[in-house]
>>> print(open('query18.cif').read())   # mmCIF, C-alpha atoms
data_coords
#
loop_
_atom_site.label_atom_id
_atom_site.label_comp_id
_atom_site.auth_asym_id
_atom_site.auth_seq_id
_atom_site.Cartn_x
_atom_site.Cartn_y
_atom_site.Cartn_z
CA MET R 1 -17.92 5.82 -2.29
CA PHE R 2 -18.42 9.48 -1.46
CA SER R 3 -19.49 11.64 1.46
CA ARG R 4 -21.35 14.94 1.35
CA THR R 5 -19.65 15.87 4.61
CA LEU R 6 -16.24 15.20 3.08
CA ASN R 7 -17.11 17.23 0.00
CA ALA R 8 -18.26 20.16 2.14
CA ARG R 9 -15.15 19.98 4.32
CA THR R 10 -12.72 19.94 1.37
CA GLY R 11 -14.66 22.09 -1.09
CA ALA R 12 -14.15 19.32 -3.66
CA GLN R 13 -15.95 16.32 -5.09
CA VAL R 14 -14.10 13.39 -3.57
CA PHE R 15 -14.54 9.77 -4.65
CA LEU R 16 -12.97 6.96 -2.62
CA LYS R 17 -11.77 3.75 -4.23
CA CYS R 18 -12.28 1.39 -1.29
CA GLU R 19 -9.74 -1.40 -1.55
CA ASN R 20 -10.57 -2.37 2.03
CA PHE R 21 -13.42 -4.30 0.37
CA GLN R 22 -11.03 -6.15 -1.94
CA ARG R 23 -10.52 -9.87 -1.37
CA MET R 24 -8.12 -10.29 1.61
CA GLY R 25 -8.84 -6.66 2.45
CA ALA R 26 -6.34 -4.66 0.39
CA PHE R 27 -5.26 -3.64 -3.11
CA LYS R 28 -2.31 -6.03 -2.87
CA MET R 29 -4.46 -8.88 -4.15
CA ARG R 30 -4.41 -7.29 -7.60
CA GLY R 31 -0.65 -7.32 -8.06
CA ALA R 32 -0.03 -10.66 -6.35
CA TYR R 33 -2.58 -12.52 -8.44
CA ASN R 34 -1.36 -10.86 -11.63
CA ALA R 35 2.22 -11.92 -10.90
CA VAL R 36 1.52 -15.52 -9.81
CA SER R 37 -0.81 -16.12 -12.74
CA GLN R 38 2.06 -15.34 -15.13
CA LEU R 39 4.59 -17.78 -13.64
CA SER R 40 5.96 -20.57 -15.79
CA GLU R 41 5.12 -24.17 -14.92
CA GLU R 42 8.64 -24.64 -13.54
CA GLU R 43 8.32 -21.55 -11.34
CA ARG R 44 4.96 -22.74 -10.05
CA ARG R 45 6.42 -26.12 -9.19
CA ARG R 46 9.24 -24.57 -7.13
CA GLY R 47 6.98 -22.14 -5.28
CA VAL R 48 7.15 -18.43 -4.52
CA VAL R 49 8.59 -16.29 -1.76
CA THR R 50 8.18 -12.69 -0.69
CA HIS R 51 8.82 -10.37 2.23
CA SER R 52 6.02 -8.26 3.68
CA SER R 53 4.67 -6.86 6.93
CA GLY R 54 1.21 -8.04 6.09
CA ASN R 55 -0.96 -7.08 3.14
CA HIS R 56 1.27 -8.36 0.32
CA ALA R 57 1.96 -11.37 2.53
CA GLN R 58 -1.75 -12.17 2.69
CA ALA R 59 -2.29 -11.39 -0.98
CA LEU R 60 0.51 -13.62 -2.23
CA SER R 61 -0.57 -16.40 0.11
CA LEU R 62 -4.15 -16.29 -1.15
CA ALA R 63 -3.16 -15.91 -4.82
CA ALA R 64 -0.76 -18.84 -4.51
CA ARG R 65 -3.38 -21.01 -2.79
CA LEU R 66 -5.95 -20.23 -5.49
CA LEU R 67 -3.42 -21.16 -8.20
CA GLY R 68 -2.01 -24.23 -6.44
CA VAL R 69 1.45 -22.80 -5.72
CA LYS R 70 3.48 -23.07 -2.49
CA ALA R 71 4.08 -19.68 -0.83
CA VAL R 72 6.72 -18.72 1.76
CA VAL R 73 6.54 -15.28 3.35
CA VAL R 74 9.27 -13.47 5.28
CA MET R 75 7.66 -11.20 7.88
CA PRO R 76 9.30 -8.77 10.33
CA ARG R 77 8.78 -9.70 13.96
CA ASN R 78 6.77 -6.49 14.55
CA SER R 79 4.19 -7.35 11.88
CA PRO R 80 0.58 -6.99 13.13
CA GLN R 81 -0.52 -10.31 14.59
CA VAL R 82 -3.80 -10.21 12.67
CA LYS R 83 -1.82 -10.16 9.40
CA VAL R 84 0.52 -12.94 10.53
CA ASN R 85 -2.47 -15.09 11.46
CA ALA R 86 -4.20 -14.47 8.15
CA THR R 87 -1.06 -15.19 6.12
CA ARG R 88 -0.21 -18.41 7.93
CA ASP R 89 -3.47 -19.80 9.27
CA THR R 90 -6.16 -18.50 6.93
CA TYR R 91 -4.32 -18.56 3.60
CA GLY R 92 -1.83 -21.34 4.32
CA ALA R 93 1.59 -19.81 3.61
CA GLU R 94 4.74 -20.77 5.47
CA VAL R 95 5.86 -17.77 7.54
CA VAL R 96 9.54 -17.11 8.29
CA PHE R 97 10.23 -14.28 10.72
CA CYS R 98 13.10 -11.79 10.40
CA GLU R 99 14.36 -8.74 12.28
CA ASN R 100 12.51 -5.43 11.96
CA THR R 101 14.75 -3.96 9.29
CA VAL R 102 14.59 -3.73 5.52
CA GLN R 103 18.04 -5.32 5.30
CA SER R 104 16.94 -8.33 7.31
CA ARG R 105 13.94 -8.80 5.02
CA TYR R 106 16.18 -8.89 1.96
CA GLU R 107 18.85 -11.14 3.47
CA THR R 108 16.35 -13.69 4.82
CA THR R 109 14.52 -13.81 1.50
CA GLU R 110 17.75 -14.30 -0.45
CA ARG R 111 18.77 -17.21 1.78
CA LEU R 112 15.44 -18.92 1.10
CA ILE R 113 15.79 -18.40 -2.65
CA GLU R 114 19.33 -19.79 -2.64
CA GLY R 115 18.35 -22.76 -0.49
CA HIS R 116 15.06 -23.77 -2.14
CA GLY R 117 14.89 -22.17 -5.59
CA TYR R 118 11.75 -20.17 -4.85
CA THR R 119 10.68 -17.42 -7.27
CA LEU R 120 10.56 -13.96 -5.73
CA VAL R 121 7.32 -12.03 -6.09
CA HIS R 122 8.47 -8.69 -4.73
CA PRO R 123 5.87 -6.54 -2.95
CA TYR R 124 6.42 -3.65 -5.37
CA ASP R 125 9.66 -3.93 -7.38
CA ASP R 126 7.99 -6.00 -10.10
CA ASP R 127 6.21 -4.69 -13.20
CA ARG R 128 3.56 -7.42 -12.94
CA VAL R 129 2.75 -6.33 -9.39
CA ILE R 130 2.75 -2.65 -10.35
CA ALA R 131 0.43 -3.31 -13.30
CA GLY R 132 -1.98 -5.21 -11.09
CA ALA R 133 -1.97 -2.44 -8.49
CA GLY R 134 -2.74 0.12 -11.19
CA THR R 135 -6.06 -1.53 -11.99
CA ALA R 136 -7.57 0.04 -8.86
CA ALA R 137 -7.04 3.52 -10.30
CA LEU R 138 -8.14 2.35 -13.74
CA GLU R 139 -11.46 1.10 -12.35
CA LEU R 140 -11.94 4.34 -10.44
CA LEU R 141 -11.34 6.37 -13.60
CA GLN R 142 -13.67 4.19 -15.63
CA ASP R 143 -16.39 4.97 -13.07
CA GLN R 144 -15.48 8.66 -12.67
CA ASN R 145 -13.82 9.70 -15.91
CA ALA R 146 -13.73 13.42 -15.15
CA LEU R 147 -11.32 13.19 -12.22
CA GLU R 148 -8.67 15.91 -12.12
CA ILE R 149 -6.59 14.67 -9.18
CA VAL R 150 -5.82 11.15 -7.92
CA VAL R 151 -4.11 10.51 -4.56
CA ALA R 152 -2.53 7.27 -3.36
CA PRO R 153 -0.40 6.33 -0.34
CA VAL R 154 3.26 5.50 -0.87
CA GLY R 155 5.53 3.05 0.92
CA GLY R 156 7.50 0.93 -1.52
CA GLY R 157 5.82 2.77 -4.36
CA GLY R 158 4.08 -0.06 -6.19
CA LEU R 159 0.58 1.34 -5.73
CA LEU R 160 1.60 4.92 -6.47
CA SER R 161 3.55 3.78 -9.55
CA GLY R 162 0.62 1.77 -10.88
CA THR R 163 -1.82 4.54 -10.01
CA SER R 164 0.26 7.16 -11.81
CA ILE R 165 0.74 5.01 -14.92
CA ALA R 166 -2.98 4.24 -15.12
CA ALA R 167 -4.01 7.85 -14.50
CA LYS R 168 -1.59 9.42 -16.97
CA GLY R 169 -2.44 6.75 -19.53
CA PHE R 170 -6.13 7.50 -19.08
CA ASN R 171 -5.70 11.28 -19.26
CA ALA R 172 -2.30 12.95 -19.25
CA LYS R 173 -3.79 16.05 -17.58
CA ILE R 174 -4.72 14.21 -14.39
CA GLN R 175 -2.54 15.25 -11.46
CA VAL R 176 -1.27 12.40 -9.29
CA TYR R 177 -0.10 12.89 -5.71
CA GLY R 178 1.49 10.55 -3.20
CA ALA R 179 0.88 10.68 0.54
CA GLU R 180 3.36 9.41 3.13
CA PRO R 181 3.74 9.39 6.94
CA SER R 182 6.22 12.03 8.07
CA LEU R 183 7.96 9.50 10.36
CA VAL R 184 9.05 7.46 7.32
CA ASP R 185 9.53 10.14 4.68
CA ASP R 186 12.00 8.30 2.44
CA ALA R 187 9.77 8.57 -0.66
CA TYR R 188 9.35 12.31 -0.07
CA ARG R 189 13.14 12.71 0.12
CA SER R 190 13.78 10.32 -2.78
CA PHE R 191 11.35 12.24 -4.97
CA ARG R 192 13.42 15.38 -4.42
CA SER R 193 16.94 13.93 -4.46
CA GLY R 194 16.46 11.58 -7.41
CA LYS R 195 17.99 8.63 -5.55
CA VAL R 196 16.53 5.95 -3.30
CA GLU R 197 16.66 7.19 0.29
CA SER R 198 16.16 5.13 3.45
CA ASN R 199 14.77 5.65 6.95
CA THR R 200 16.43 5.34 10.33
CA ARG R 201 13.10 4.59 12.03
CA THR R 202 10.07 2.46 11.15
CA ASP R 203 7.67 3.20 14.01
CA THR R 204 4.82 4.81 12.10
CA ILE R 205 1.36 3.50 12.87
CA ALA R 206 0.97 3.00 9.10
CA ASP R 207 2.80 -0.34 9.10
CA GLY R 208 2.20 -0.97 5.39
CA LEU R 209 4.22 2.13 4.46
CA ARG R 210 7.47 1.38 6.33
CA THR R 211 9.37 0.14 3.27
CA ASN R 212 11.63 2.11 0.94
CA LEU R 213 11.18 2.79 -2.76
CA SER R 214 13.06 0.77 -5.37
CA GLN R 215 14.83 2.36 -8.29
CA ARG R 216 12.03 1.08 -10.51
CA THR R 217 9.23 2.69 -8.51
CA LEU R 218 11.22 5.90 -8.01
CA ASN R 219 11.60 6.23 -11.77
CA TYR R 220 7.87 5.79 -12.37
CA ILE R 221 6.97 8.20 -9.58
CA ARG R 222 9.37 10.94 -10.66
CA THR R 223 8.03 10.65 -14.21
CA ASN R 224 4.31 10.69 -13.43
CA VAL R 225 3.68 12.17 -9.97
CA GLU R 226 3.24 15.88 -9.22
CA ASN R 227 4.31 15.75 -5.58
CA ILE R 228 4.49 13.66 -2.42
CA VAL R 229 3.05 15.21 0.73
CA LEU R 230 3.64 14.24 4.36
CA VAL R 231 1.11 13.64 7.12
CA SER R 232 1.60 13.21 10.85
CA GLU R 233 0.53 10.28 13.00
CA ARG R 234 -2.26 12.40 14.48
CA GLU R 235 -3.48 13.36 11.02
CA ILE R 236 -3.58 9.70 10.02
CA LEU R 237 -5.67 8.91 13.11
CA ASP R 238 -7.98 11.83 12.35
CA ALA R 239 -8.55 10.52 8.82
CA MET R 240 -9.25 7.04 10.20
CA GLN R 241 -11.73 8.49 12.66
CA PHE R 242 -13.52 10.34 9.86
CA LEU R 243 -13.75 7.19 7.74
CA TRP R 244 -14.97 5.07 10.63
CA GLU R 245 -17.46 7.57 12.06
CA ARG R 246 -18.77 9.39 9.00
CA MET R 247 -18.53 6.75 6.30
CA LYS R 248 -18.65 3.56 8.39
CA LEU R 249 -15.51 2.27 6.68
CA VAL R 250 -13.04 0.13 8.62
CA VAL R 251 -9.71 1.31 7.21
CA GLU R 252 -6.20 0.57 8.44
CA PRO R 253 -3.75 3.44 9.09
CA SER R 254 -1.92 2.96 5.77
CA GLY R 255 -5.26 3.10 3.97
CA ALA R 256 -6.17 6.42 5.58
CA VAL R 257 -2.95 8.26 4.67
CA SER R 258 -4.20 9.41 1.26
CA LEU R 259 -7.36 10.89 2.76
CA ALA R 260 -5.29 12.53 5.50
CA ALA R 261 -3.37 14.41 2.80
CA ILE R 262 -6.68 15.74 1.48
CA LEU R 263 -8.12 16.68 4.86
CA THR R 264 -5.01 18.63 5.87
CA GLY R 265 -5.26 20.82 2.77
CA ARG R 266 -1.72 20.00 1.63
CA ILE R 267 -3.03 18.97 -1.76
CA PRO R 268 -4.92 21.79 -3.55
CA VAL R 269 -8.27 20.12 -4.21
CA LYS R 270 -10.80 22.94 -3.78
CA GLY R 271 -13.20 23.01 -6.71
CA LYS R 272 -11.72 19.81 -8.18
CA LYS R 273 -12.95 16.28 -8.78
CA VAL R 274 -10.65 14.05 -6.75
CA GLY R 275 -10.07 10.31 -6.55
CA VAL R 276 -8.58 8.84 -3.38
CA ILE R 277 -7.20 5.31 -3.22
CA VAL R 278 -8.06 3.79 0.18
CA SER R 279 -5.51 1.01 0.06
CA GLY R 280 -6.73 -1.45 2.69
CA GLY R 281 -8.55 -2.30 5.89
CA ASN R 282 -6.56 -5.05 7.62
CA ILE R 283 -6.17 -3.66 11.10
CA ASP R 284 -5.36 -5.50 14.32
CA THR R 285 -7.96 -3.71 16.45
CA GLY R 286 -6.60 -4.94 19.79
CA GLU R 287 -3.08 -3.76 19.06
CA PHE R 288 -4.32 -0.53 17.47
CA PHE R 289 -6.46 0.60 20.36
CA ALA R 290 -3.77 -0.32 22.89
CA LEU R 291 -1.28 1.81 20.94
CA LEU R 292 -3.78 4.62 20.64
CA ALA R 293 -4.39 4.60 24.39
CA GLN R 294 -0.63 4.71 25.02
CA ARG R 295 -0.11 7.67 22.69
CA ILE R 296 -3.01 9.57 24.18
CA HIS R 297 -1.47 9.20 27.66
CA GLU R 298 1.90 10.34 26.31
#
>>> encode(input="query18.cif", output="structure tokens")
Amino acid sequence: MFSRTLNARTGAQVFLKCENFQRMGAFKMRGAYNAVSQLSEEERRRGVVTHSSGNHAQALSLAARLLGVKAVVVMPRNSPQVKVNATRDTYGAEVVFCENTVQSRYETTERLIEGHGYTLVHPYDDDRVIAGAGTAALELLQDQNALEIVVAPVGGGGLLSGTSIAAKGFNAKIQVYGAEPSLVDDAYRSFRSGKVESNTRTDTIADGLRTNLSQRTLNYIRTNVENIVLVSEREILDAMQFLWERMKLVVEPSGAVSLAAILTGRIPVKGKKVGVIVSGGNIDTGEFFALLAQRIHE
């Protein structure tokens, strides 16, 4: 999709790849289905497990249901309720809650693997998941093959890794940028230090981007990505407001981060043809507007 208003505001031709229209509402369906479809018969019999705050949780649950595989999902207690409900009630996965830390996610998942023999389908540290995620950018480039810049949000780095591999494979001259909330800037710091960094806080409104990179995704990103830029919470909200009001697109905060990086001017897009990956639209509207009201009063 595109917007004349957006083009005028940025001085660029901007094309949005709207993964909020994807089945289960986010790009994650691509990687989850790709991974589950490649399991052996023995792995399918035992079932799969993952850890996720929401979108990969829903994607793996739906992919597993479609392929007749049991799915167990470890979710932090602060996961949006709309995503918990979809994972457990709509798509039929077993949900196991953990504390709101990356370490707790890993430890809880490992205990389940040791106790039940489940196969891990990691949200991003898996080449099958990364390859699936990259098909969003590939489709965008097949539709708009003259793009000069592609922008994707970055949390764990699966989408940005897949996007960068697809874009550089399509045309090595395409510039790829990542966009990240400034409150959880571990990917920004990892990109510069060359090692996987972590965060001391996870309170960004962009709940899908609270995770850290893996060594795998960091390697892909440092090889293929020009830069990672940071956006504030207010800038994420402004991008969401633009998408909702001007383009009538219901997009979650994580999905608006890449557009926020364009609207702030931190990525030099003037005069360019630009692709923006809008990663998803699974937003708990009740919780979101309550939080927004609180922050406005602050």
>>> residues_around(input="query18.cif", residues="Phe191 of chain R", least_positions_apart="5", cutoff="12 Å", atoms="all atoms listed in the file", output="PyMOL selection string")
chain R and resi 154+157+177-180+185-186+196-197+212-215+217-229
>>> resolve_selection(input="query18.cif", expression="the PyMOL selection byres ((chain R and resi 247) around 10)", output="MDAnalysis selection string")
chainID R and resid 1:6 241:246 248:250
>>> resolve_selection(input="query18.cif", expression="the PyMOL selection byres ((chain R and resi 127) around 12)", output="JSON, numbers by chain")
{"R": [31, 32, 34, 35, 38, 121, 122, 123, 124, 125, 126, 128, 129, 130, 131, 132, 133, 134, 157, 158, 159, 161, 162, 165, 214, 216, 217, 220]}
>>> write_last_selection(input="query18.cif", atoms="C-alpha atoms", output="short mmCIF file (atom, residue, chain, number, x, y, z; two decimals), in the frame of the given file")
data_model
loop_
_atom_site.label_atom_id
_atom_site.label_comp_id
_atom_site.auth_asym_id
_atom_site.auth_seq_id
_atom_site.Cartn_x
_atom_site.Cartn_y
_atom_site.Cartn_z
CA GLY R 31 -0.65 -7.32 -8.06
CA ALA R 32 -0.03 -10.66 -6.35
CA ASN R 34 -1.36 -10.86 -11.63
CA ALA R 35 2.22 -11.92 -10.90
CA GLN R 38 2.06 -15.34 -15.13
CA VAL R 121 7.32 -12.03 -6.09
CA HIS R 122 8.47 -8.69 -4.73
CA PRO R 123 5.87 -6.54 -2.95
CA TYR R 124 6.42 -3.65 -5.37
CA ASP R 125 9.66 -3.93 -7.38
CA ASP R 126 7.99 -6.00 -10.10
CA ARG R 128 3.56 -7.42 -12.94
CA VAL R 129 2.75 -6.33 -9.39
CA ILE R 130 2.75 -2.65 -10.35
CA ALA R 131 0.43 -3.31 -13.30
CA GLY R 132 -1.98 -5.21 -11.09
CA ALA R 133 -1.97 -2.44 -8.49
CA GLY R 134 -2.74 0.12 -11.19
CA GLY R 157 5.82 2.77 -4.36
CA GLY R 158 4.08 -0.06 -6.19
CA LEU R 159 0.58 1.34 -5.73
CA SER R 161 3.55 3.78 -9.55
CA GLY R 162 0.62 1.77 -10.88
CA ILE R 165 0.74 5.01 -14.92
CA SER R 214 13.06 0.77 -5.37
CA ARG R 216 12.03 1.08 -10.51
CA THR R 217 9.23 2.69 -8.51
CA TYR R 220 7.87 5.79 -12.37
#
>>> atom_distance(input="query18.cif", atom1="atom CA of His116 of chain R", atom2="atom CA of Gln81 of chain R")
26.5 Å
>>> residues_around(input="query18.cif", residues="Ile267 of chain R", least_positions_apart="2", cutoff="9 Å", atoms="only C-alpha atoms", output="list in words")
Val151, Tyr177, Asn227, Val229, Ala261, Ile262, Leu263, Thr264, Gly265, Val269 and Lys270 of chain R
